[in-house]
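J.: This structure is in structure tokens; I'll ask about it shortly.
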Amino acid sequence: MPELPELNPVIHGKLRLALLSLLSGVEEAEFTWLRAKTGSTDGNLGAQLLKLEEAGYLTVEKKFVQRKPQTLYRMTETGRQALTAYVQALKQLLGAAIEN
Amino acid sequence: MANIEEQELKDRLTLIESMIAEGRRTTESWGWVFVLWGVAYYIAIAWANWGRPSLAWPVTMIVASVLTGVLASLNASRQPGTTVGRALMAIWIAMGVTTFCLMLSLGITHRLDSHISVAVVGAMLGTANAASSIILKWKMQFVCAVVWWTTMVAALFTSENLTAIIFLTAIFLCQIVFGIYGMVCESRRNRASEARQGASHA
């Protein structure tokens, strides 16, 4: 019987998974846009984004636009590969569950 | 695997799918740009006929470009950057710069007449609308491209008066009417998106 894959714990968190999925569909996104799409609080969102950044799954750029601070997030190639691997593992686990 | 765990994994897959779709769903608003440029064309035509023709087109086009740039940058700062958005922007900026340089050069060298100017505008707008409609898979915008291509051909085969009437009609249909239609579509899409987000946050 083949060994079942383990799910990446960094991505498995619901909010972190939602953030990575959102960022995979865009080139870059602002903090406020991510907050609106996930309905999360500033503190929680900031903490989860930091975890993803520390894992190397996204990069952050802070700048001023029309004198207002803007924080932009971009998904890295490592992040994209990790999300793809996570989805494959998820499908494999679900496939095993259906077979059982 | 317990049923509860299996359901959780399925929920994760659904979450990924819905978030990717939400990210790609553009909420950018561009209908107003068509209306603004439609009005700008009418102002330039009226000014050229009853005022100073040499100044009318360049001044109106520069003012319209600056207005578009300022309003678009205010709108874009709230939206995430997407590849589709950048592709569409590239098409319209390239078309705008090409048309402006070509018309200005033709005007300065006295090679521009009403037939040529309408044909050039028709060709450029037909190309940009067609490219955008193919990217967005938007049939209504492709209809606009066909109208502009028809205008381009007609401008070279009809009288000056008829060319003017065809041009004014094309502006009305493809800029004013299509722009308002685009704004209505965007408003409906944004309302639906807000409703979806409200449901998912509940």
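Residues are named by chain letter and number: chains run A, B, ... in the order of the structure tokens, numbers start at 1 in each chain, and ligands are numbered from 1 in the order shown.
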Which of stretch 60-113 of chain B end up as alpha helix (DSSP H) when DSSP is run on this backbone - answer as a PyMOL selection string?
T.: chain B and resi 60-76+83-108
J.: Counting only C-alpha atoms, which residues from chain A have an atom at most 6 Å from any atom of chain B, and could you show them as a list in words?
T.: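 The complete set of qualifying residues is Ser21, Leu22, Gly25, Val26, Glu27, Glu28, Ala29 and Ala97 of chain A.
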J.: Nearest to B:Val70: which of B:Val33, B:Val39, B:Leu162, B:Ala195 is it, counting only C-alpha atoms?
T.: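 Looking only at the distances to B:Val70, the closest residue turns out to be B:Val33.
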J.: Name all residues at most 9 Å from A:Glu6 (count only C-alpha atoms; drop same-chain ones fewer than 6 positions away) and give them as a PyMOL selection string.
T.: chain A and resi 86+89-90+93
J.: Can those selected residues be exported to a file as a compact mmCIF listing (two decimals), in the first residue's frame so that it contains C-alpha atoms?
T.:
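Contents of the output file result-v9.txt:
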```txt
# COMPACT_ATOMS: atom_id res chain seq x y z
CA TYR A 86 -0.27 20.81 -1.30
CA ALA A 89 -1.25 15.83 -1.67
CA LEU A 90 -4.82 16.84 -0.84
CA LEU A 93 -5.45 11.88 0.38
```
J.: Might you pull out every residue within 12 Å of B:Ile93, with only C-alpha atoms counted and same-chain residues fewer than 5 positions away left off, and present them as a PyMOL selection string?
T.: chain B and resi 65+68-69+86-88+98-100+124-125+128
J.: Interatomic distance between atom CA of B:Ala131 and atom CA of B:Arg111?
T.: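 Atom-to-atom, atom CA of B:Ala131 to atom CA of B:Arg111, that is 28.4 Å.
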J.: Residues near B:Leu67, anyone? I mean within 9 Å using only C-alpha atoms, not counting same-chain ones fewer than 5 positions away, as a list of chain:residue names.
T.: B:Leu36, B:Ile62, B:Ala72
J.: Give me the residues within 9 Å of B:Ser117 as a PyMOL selection string, counting only C-alpha atoms and dropping any in the same chain fewer than 6 places off.
T.: chain B and resi 103+106+155
J.: To one decimal place in Å, what is the distance between atom CA of B:Ile116 and atom CA of B:Thr158?
T.: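 Taking atom CA of B:Ile116 and atom CA of B:Thr158, their separation equals 11.7 Å.
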J.: Quick one: residues within 8 Å of stretch 66-79 of chain A, only C-alpha atoms counted, chain neighbours fewer than 2 positions away excluded, as a list of chain:residue names?
T.: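 Counting only C-alpha atoms, the residues come to A:Leu20, A:Leu23, A:Ser24, A:Glu27, A:Glu28, A:Ala29, A:Glu30, A:Phe31, A:Gly56, A:Tyr57, A:Leu58, A:Thr59, A:Val60, A:Glu61, A:Lys62, A:Lys63, A:Phe64, A:Gln81, A:Ala82, A:Leu83.
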J.: Do you have the atom CA of A:Lys14-atom CA of B:Arg189 distance handy?
T.: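 Between atom CA of A:Lys14 and atom CA of B:Arg189 the gap is 26.4 Å.
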